[in-house]
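structure25.cif (mmCIF, C-alpha atoms) appears below.
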```cif
data_input
loop_
_atom_site.label_atom_id
_atom_site.label_comp_id
_atom_site.auth_asym_id
_atom_site.auth_seq_id
_atom_site.Cartn_x
_atom_site.Cartn_y
_atom_site.Cartn_z
CA MET A 1 112.21 92.18 41.42
CA SER A 2 111.37 90.93 37.98
CA CYS A 3 112.63 87.36 38.19
CA THR A 4 110.17 84.86 36.86
CA VAL A 5 111.31 82.49 39.61
CA GLU A 6 110.05 84.81 42.27
CA GLU A 7 106.48 83.52 41.97
CA GLU A 8 107.69 79.98 42.48
CA LEU A 9 109.83 80.58 45.52
CA THR A 10 107.18 79.80 48.10
CA ALA A 11 106.34 76.53 46.37
CA TYR A 12 110.05 75.80 46.15
CA VAL A 13 110.61 76.41 49.85
CA ASP A 14 107.57 74.32 50.60
CA GLY A 15 108.89 71.42 48.50
CA GLU A 16 105.91 71.52 46.18
CA LEU A 17 107.80 71.86 42.89
CA SER A 18 108.66 68.98 40.65
CA ALA A 19 112.27 67.90 40.57
CA VAL A 20 112.84 69.66 37.27
CA GLU A 21 111.26 72.93 38.44
CA ALA A 22 113.11 72.79 41.73
CA ALA A 23 116.41 72.32 39.91
CA ARG A 24 115.68 75.35 37.72
CA VAL A 25 114.94 77.50 40.77
CA ARG A 26 118.04 76.22 42.55
CA THR A 27 120.16 77.16 39.58
CA HIS A 28 118.60 80.60 39.48
CA LEU A 29 119.25 81.18 43.16
CA THR A 30 122.98 80.69 42.71
CA SER A 31 123.10 83.76 40.50
CA CYS A 32 120.32 86.00 41.92
CA ALA A 33 121.03 87.68 45.25
CA PRO A 34 117.52 89.24 45.69
CA CYS A 35 115.84 85.87 45.21
CA ARG A 36 118.31 84.24 47.62
CA SER A 37 117.41 86.86 50.15
CA THR A 38 113.73 86.24 49.59
CA GLU A 39 114.21 82.51 49.92
CA GLU A 40 116.09 83.00 53.17
CA LEU A 41 113.32 85.18 54.56
CA LEU A 42 110.69 82.63 53.61
CA ARG A 43 112.61 79.79 55.16
CA ARG A 44 113.18 81.77 58.34
CA THR A 45 109.51 82.67 58.57
CA VAL A 46 108.41 79.07 58.10
CA THR A 47 111.01 77.85 60.60
CA GLU A 48 109.92 80.34 63.19
CA LEU A 49 106.27 79.51 62.67
CA ALA A 50 107.07 75.85 63.12
CA ALA A 51 109.11 76.65 66.19
CA LEU A 52 106.19 78.25 68.00
CA PRO A 53 106.11 76.84 71.51
CA GLY A 54 103.53 74.17 72.20
CA PHE A 55 101.74 76.10 74.91
CA GLU A 56 102.33 79.77 74.48
CA PRO A 57 103.58 81.57 71.39
CA SER A 58 106.34 83.90 72.46
CA PRO A 59 105.27 87.55 72.20
CA GLY A 60 108.79 88.35 71.02
CA LEU A 61 108.61 85.85 68.21
CA ARG A 62 105.22 87.13 67.15
CA ARG A 63 106.49 90.69 67.13
CA ARG A 64 109.54 89.74 65.09
CA VAL A 65 107.53 87.83 62.50
CA LEU A 66 104.96 90.60 62.18
CA ALA A 67 107.67 93.24 61.95
CA GLU A 68 109.33 91.36 59.12
CA VAL A 69 106.03 90.98 57.32
CA GLU A 70 105.28 94.65 57.79
CA SER A 71 108.67 95.65 56.47
CA LEU A 72 108.13 93.80 53.22
CA PRO A 73 106.89 95.61 50.11
CA ARG A 74 103.18 95.41 49.54
CA ARG A 75 103.50 92.71 46.94
CA TRP A 76 105.31 90.56 49.46
CA THR A 77 102.57 90.97 51.94
CA GLU A 78 100.13 89.80 49.37
CA ARG A 79 102.40 86.96 48.42
CA LEU A 80 102.76 85.85 51.96
CA GLN A 81 99.06 85.30 52.00
CA ARG A 82 99.90 82.11 50.21
CA TRP A 83 101.35 81.02 53.50
CA LEU A 84 98.05 81.44 55.18
CA ARG A 85 97.15 77.93 54.23
CA PRO A 86 95.82 75.24 56.55
CA ALA A 87 99.17 73.45 56.49
CA VAL A 88 100.82 76.51 58.03
CA LEU A 89 97.94 77.99 59.94
CA ALA A 90 96.78 74.81 61.62
CA PRO A 91 99.84 74.37 63.89
CA ALA A 92 99.91 78.08 64.69
CA GLY A 93 96.17 78.03 65.33
CA VAL A 94 96.53 75.02 67.60
CA ALA A 95 99.31 76.80 69.49
CA LEU A 96 97.21 79.93 69.82
CA ALA A 97 94.13 77.99 70.93
CA THR A 98 96.27 76.12 73.42
CA ALA A 99 97.61 79.41 74.74
CA VAL A 100 94.05 80.69 75.16
CA VAL A 101 93.01 77.52 76.98
CA VAL A 102 96.09 77.69 79.21
CA ALA A 103 95.33 81.33 80.00
CA MET A 104 91.75 80.43 80.87
CA VAL A 105 92.82 77.53 83.08
CA VAL A 106 95.40 79.67 84.85
CA GLY A 107 92.82 82.43 85.24
CA GLN A 108 90.35 79.99 86.73
CA ARG A 109 93.02 78.77 89.13
CA VAL A 110 93.68 82.31 90.27
CA VAL A 111 89.97 82.86 90.82
CA ALA A 112 89.69 79.51 92.58
CA GLU A 113 92.62 80.39 94.82
CA ARG A 114 91.01 83.68 95.80
CA THR A 115 87.71 81.91 96.41
CA GLU A 116 89.51 79.34 98.53
CA ARG A 117 91.05 82.08 100.65
CA GLY A 118 87.70 83.78 101.02
CA ALA A 119 86.21 80.46 102.07
CA GLU A 120 89.01 79.92 104.60
CA LEU A 121 88.30 83.20 106.28
CA ALA A 122 84.55 82.61 106.30
CA VAL A 123 85.04 79.12 107.71
CA ALA A 124 87.48 80.42 110.30
CA GLU A 125 84.97 82.97 111.50
CA HIS A 126 82.18 80.43 111.94
CA TYR A 127 84.05 77.15 112.23
CA GLU A 128 82.40 75.97 115.44
CA LEU A 129 78.94 76.53 114.05
CA LEU A 130 79.77 75.09 110.63
CA SER A 131 81.30 71.92 111.99
CA ASP A 132 78.06 71.19 113.87
CA TYR A 133 75.80 72.84 111.32
CA GLU A 134 73.73 69.72 110.61
CA VAL A 135 72.72 69.14 114.20
CA VAL A 136 72.28 72.65 115.55
CA GLY A 137 68.72 73.15 116.73
CA LEU A 138 67.93 69.45 116.85
CA SER A 139 67.14 67.06 119.63
CA ARG A 140 67.64 63.33 119.27
CA ASP A 141 63.96 62.76 118.49
CA ASP A 142 63.71 65.76 116.21
CA LEU A 143 66.48 64.39 114.09
CA ASP A 144 64.05 61.65 113.07
CA VAL A 145 61.43 64.26 112.23
CA VAL A 146 63.90 66.18 110.08
CA GLU A 147 64.93 62.98 108.38
CA HIS A 148 61.34 62.50 107.15
CA LEU A 149 60.25 66.11 107.03
CA ASP A 150 59.72 66.24 103.27
CA GLU A 151 57.42 63.20 103.49
CA LEU A 152 55.62 64.54 106.53
CA GLN A 153 54.90 67.84 104.84
CA LYS A 154 53.46 66.08 101.81
CA GLU A 155 51.08 64.19 104.07
CA GLY A 156 49.42 67.39 105.14
CA ARG A 157 48.73 68.54 101.61
CA PRO A 158 45.32 67.88 100.03
CA MET B 1 106.03 99.95 101.90
CA ARG B 2 108.84 98.52 104.00
CA ILE B 3 109.35 94.79 103.82
CA GLY B 4 108.92 94.29 107.56
CA ALA B 5 105.66 96.17 107.67
CA LEU B 6 104.50 94.39 104.56
CA THR B 7 105.25 90.97 106.00
CA ALA B 8 103.48 91.93 109.18
CA LEU B 9 100.52 93.10 107.14
CA LEU B 10 100.27 89.80 105.33
CA LEU B 11 100.88 87.79 108.47
CA CYS B 12 98.23 89.59 110.44
CA ALA B 13 95.68 90.00 107.72
CA VAL B 14 95.73 86.41 106.59
CA PRO B 15 97.03 84.57 109.59
CA ALA B 16 97.04 81.01 108.34
CA TRP B 17 98.15 81.64 104.85
CA ALA B 18 101.01 83.61 106.31
CA GLN B 19 102.54 80.38 107.52
CA THR B 20 103.13 79.20 104.00
CA ASP B 21 102.77 81.89 101.37
CA VAL B 22 104.32 84.91 102.96
CA SER B 23 107.57 83.39 104.05
CA ASP B 24 108.89 82.98 100.50
CA ASP B 25 108.70 86.49 99.20
CA ALA B 26 106.17 88.80 100.78
CA ALA B 27 107.29 91.88 98.91
CA ALA B 28 107.11 90.22 95.53
CA ARG B 29 103.73 88.75 96.34
CA PHE B 30 102.39 92.07 97.48
CA ASP B 31 103.80 93.79 94.41
CA ARG B 32 102.06 91.34 92.15
CA MET B 33 98.68 92.21 93.63
CA SER B 34 96.36 94.62 91.93
CA GLU B 35 95.60 97.89 93.67
CA GLN B 36 92.17 96.53 94.48
CA GLU B 37 93.66 93.44 96.13
CA LYS B 38 96.09 95.58 98.10
CA ALA B 39 93.25 97.76 99.29
CA GLN B 40 91.26 94.68 100.28
CA LEU B 41 94.24 93.32 102.16
CA ARG B 42 94.70 96.56 104.07
CA GLU B 43 91.01 96.60 104.89
CA ARG B 44 91.18 93.00 106.07
CA LEU B 45 94.14 93.87 108.25
CA ARG B 46 92.23 96.79 109.71
CA GLN B 47 89.24 94.58 110.49
CA PHE B 48 91.35 91.79 111.88
CA LYS B 49 93.34 94.14 114.10
CA ALA B 50 90.10 95.65 115.39
CA LEU B 51 89.03 92.28 116.78
CA PRO B 52 89.71 91.46 120.43
CA LEU B 53 92.90 89.48 120.89
CA ASP B 54 91.06 86.32 121.93
CA GLU B 55 88.91 86.57 118.80
CA GLN B 56 92.04 86.97 116.68
CA ALA B 57 93.46 83.88 118.33
CA ARG B 58 90.23 81.96 117.78
CA ILE B 59 90.22 82.75 114.06
CA GLN B 60 93.87 81.82 113.71
CA ALA B 61 93.24 78.53 115.49
CA ASN B 62 90.20 77.84 113.30
CA VAL B 63 92.15 78.40 110.12
CA ALA B 64 94.70 75.90 111.37
CA ARG B 65 91.91 73.43 112.25
CA TRP B 66 90.32 73.91 108.86
CA ARG B 67 93.59 73.33 107.07
CA ALA B 68 94.20 70.13 108.99
CA LEU B 69 90.84 68.59 108.05
CA PRO B 70 90.80 65.59 105.73
CA PRO B 71 89.34 66.32 102.28
CA GLU B 72 85.94 64.74 102.89
CA GLU B 73 85.51 66.66 106.13
CA LYS B 74 86.55 69.85 104.37
CA ALA B 75 83.93 69.17 101.71
CA ARG B 76 81.28 68.72 104.40
CA VAL B 77 82.18 71.97 106.17
CA ARG B 78 82.33 73.77 102.84
CA GLN B 79 78.82 72.57 101.99
CA ASN B 80 77.69 73.77 105.38
CA LEU B 81 79.26 77.13 104.68
CA GLU B 82 77.40 77.36 101.39
CA SER B 83 74.14 76.54 103.14
CA PHE B 84 74.91 79.09 105.82
CA GLN B 85 75.70 81.77 103.27
CA ARG B 86 72.38 81.15 101.53
CA LEU B 87 70.47 81.98 104.70
CA SER B 88 68.73 85.31 105.01
CA PRO B 89 69.91 87.63 107.81
CA ASP B 90 66.86 86.64 109.87
CA GLU B 91 67.53 82.96 109.38
CA ARG B 92 71.14 83.46 110.40
CA GLN B 93 70.12 85.20 113.57
CA ARG B 94 67.68 82.41 114.37
CA LEU B 95 70.38 79.84 113.70
CA LEU B 96 72.83 81.63 115.96
CA GLY B 97 70.19 81.53 118.70
CA GLN B 98 69.82 77.79 118.16
CA TRP B 99 73.59 77.52 118.21
CA ARG B 100 73.68 79.10 121.65
CA GLU B 101 71.04 76.59 122.79
CA PHE B 102 73.06 73.78 121.28
CA GLN B 103 76.04 74.90 123.34
CA LYS B 104 74.02 74.29 126.47
CA LEU B 105 73.75 70.57 125.72
CA THR B 106 76.18 68.29 127.47
CA PRO B 107 79.19 67.15 125.48
CA GLU B 108 77.70 63.65 125.43
CA GLN B 109 74.41 64.89 124.01
CA ARG B 110 76.18 66.87 121.34
CA GLN B 111 78.37 63.95 120.45
CA ASP B 112 75.36 61.65 120.28
CA LEU B 113 73.63 63.99 117.84
CA ARG B 114 76.72 64.29 115.70
CA GLN B 115 77.13 60.56 115.64
CA ARG B 116 73.52 59.90 114.65
CA MET B 117 73.60 62.49 111.91
CA ARG B 118 76.93 61.21 110.64
CA GLU B 119 75.60 57.67 110.46
CA TYR B 120 72.48 58.84 108.66
CA LEU B 121 74.42 60.83 106.09
CA ARG B 122 76.90 58.05 105.58
CA ALA B 123 74.11 55.60 104.92
CA ASN B 124 72.17 58.03 102.72
CA PRO B 125 74.66 60.23 100.91
CA GLU B 126 72.19 60.81 98.10
CA ARG B 127 69.71 62.22 100.65
CA ARG B 128 72.13 64.78 102.03
CA ARG B 129 70.76 67.62 99.93
CA GLN B 130 67.20 66.77 100.92
CA MET B 131 68.25 66.44 104.53
CA MET B 132 69.78 69.91 104.43
CA GLU B 133 66.61 71.27 102.87
CA ASN B 134 64.57 69.59 105.58
CA LEU B 135 66.86 71.04 108.21
CA ARG B 136 66.46 74.54 106.87
CA GLU B 137 62.71 74.08 106.76
CA TRP B 138 62.69 72.72 110.30
CA ARG B 139 64.68 75.61 111.64
CA SER B 140 62.25 78.09 110.18
CA MET B 141 59.18 76.38 111.68
CA SER B 142 57.19 77.69 114.57
CA ARG B 143 56.80 75.68 117.75
CA GLU B 144 53.27 74.62 116.64
CA GLN B 145 54.41 73.54 113.20
CA ARG B 146 57.15 71.44 114.73
CA GLU B 147 54.73 69.78 117.08
CA LEU B 148 52.48 68.98 114.13
CA MET B 149 55.38 67.32 112.32
CA ARG B 150 56.26 65.30 115.40
CA GLN B 151 52.66 64.14 115.58
CA ARG B 152 52.67 63.16 111.93
CA LEU B 153 55.85 61.17 112.40
CA ARG B 154 54.28 59.25 115.26
CA GLU B 155 51.24 58.53 113.11
CA MET B 156 53.37 57.49 110.19
CA ARG B 157 55.31 55.08 112.35
CA GLU B 158 52.12 53.62 113.74
CA ARG B 159 50.76 53.05 110.25
CA ARG B 160 53.95 51.45 109.10
CA GLY B 161 54.14 49.39 112.26
CA LYS B 162 50.75 47.89 111.60
#
```
Show me this structure written as structure tokens.
Amino acid sequence: MSCTVEEELTAYVDGELSAVEAARVRTHLTSCAPCRSTEELLRRTVTELAALPGFEPSPGLRRRVLAEVESLPRRWTERLQRWLRPAVLAPAGVALATAVVVAMVVGQRVVAERTERGAELAVAEHYELLSDYEVVGLSRDDLDVVEHLDELQKEGRP
Amino acid sequence: MRIGALTALLLCAVPAWAQTDVSDDAAARFDRMSEQEKAQLRERLRQFKALPLDEQARIQANVARWRALPPEEKARVRQNLESFQRLSPDERQRLLGQWREFQKLTPEQRQDLRQRMREYLRANPERRRQMMENLREWRSMSREQRELMRQRLREMRERRGK
């Protein structure tokens, strides 16, 4: 495409053009089908990026967006790099980071659940001993000795 | 694997959890497991089935008792489990011997000990860790070492009494 407007389309979609420039692009779009198509693609891409779920970006959405980017001519790929700006990347990055955190939390829960089950079985095997663990091997008087054992041992040291 | 056999596997291998988890969808739950988990479950079933019936019943009852414990009691037993698991094989054997001796005490004596320990730990929660360390140390002591500690306690009390 050789339209001079092409370079300004991303800024146009992003609302960064002045009123005069935006009007010029708008006028051009009414008569240029390739640029209209490009504008539509850009708007769809931005909309889908903004629509990323709060917790977990849909793998389907990611695939679709990447497929569309891949299908573009090389120049478009380069042009789309303009979209890799903080204003666009930040929300997507937050969504991705959130997804990672959620995955980690869920993973930890799974591990914790397995650990809990392992603990249940271990407790069940030795429950009687474990429930009286603190007093096994003690007499009434020896409980007092144990209570002060750390002090008593220090006394014997030079 | 057939659903019936699968449910039985889960029920028998993990008796207490079977009461809640398995009833919903045993097949789906089993399918979601990794091969390693499935193998572990089969091994657990094999071990559990190899136990005498009264031992199987004891474990099932203990899981139910454990599940019914209030949170703070669960935390206490869990800490005891951690302490127990840190013991060396020799220490475990010695503890099991002491456990058998403990069983010979009258119910009143056992209850008295529990009560005293509970009161101590309640009054000194920050000392629990030290108390458990002391207990481990005490259990590993010889008869002579214990007698020495008893003697020192008597002396300490006399000094403080003066």
Ground truth for the PyMOL selection byres ((chain A and resi 129) around 10), written as a PyMOL selection string | (chain A and resi 123+125-128+130-136) or (chain B and resi 77+80-81+84+95-96+99-100+102-103)
Report the distance between atom CA of B:Gln151 and atom CA of B:Trp138 in Å, rounded to one decimal place.
->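 So the answer is 14.2 Å.
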For the file shown, report as a PyMOL selection string the outcome of the PyMOL selection byres ((chain A) within 12 of (chain B)) at residue level.
-> chain A and resi 110+113-156
Gap from atom CA of A:Glu39 to atom CA of A:Arg63 - Å, one decimal |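 Atom CA of A:Arg63 lies 20.6 Å from atom CA of A:Glu39.
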For atom CA of A:Leu89 and atom CA of A:Thr38, quote the distance in Å rounded to one decimal.
->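 According to the coordinates, atom CA of A:Leu89 and atom CA of A:Thr38 are separated by 20.6 Å.
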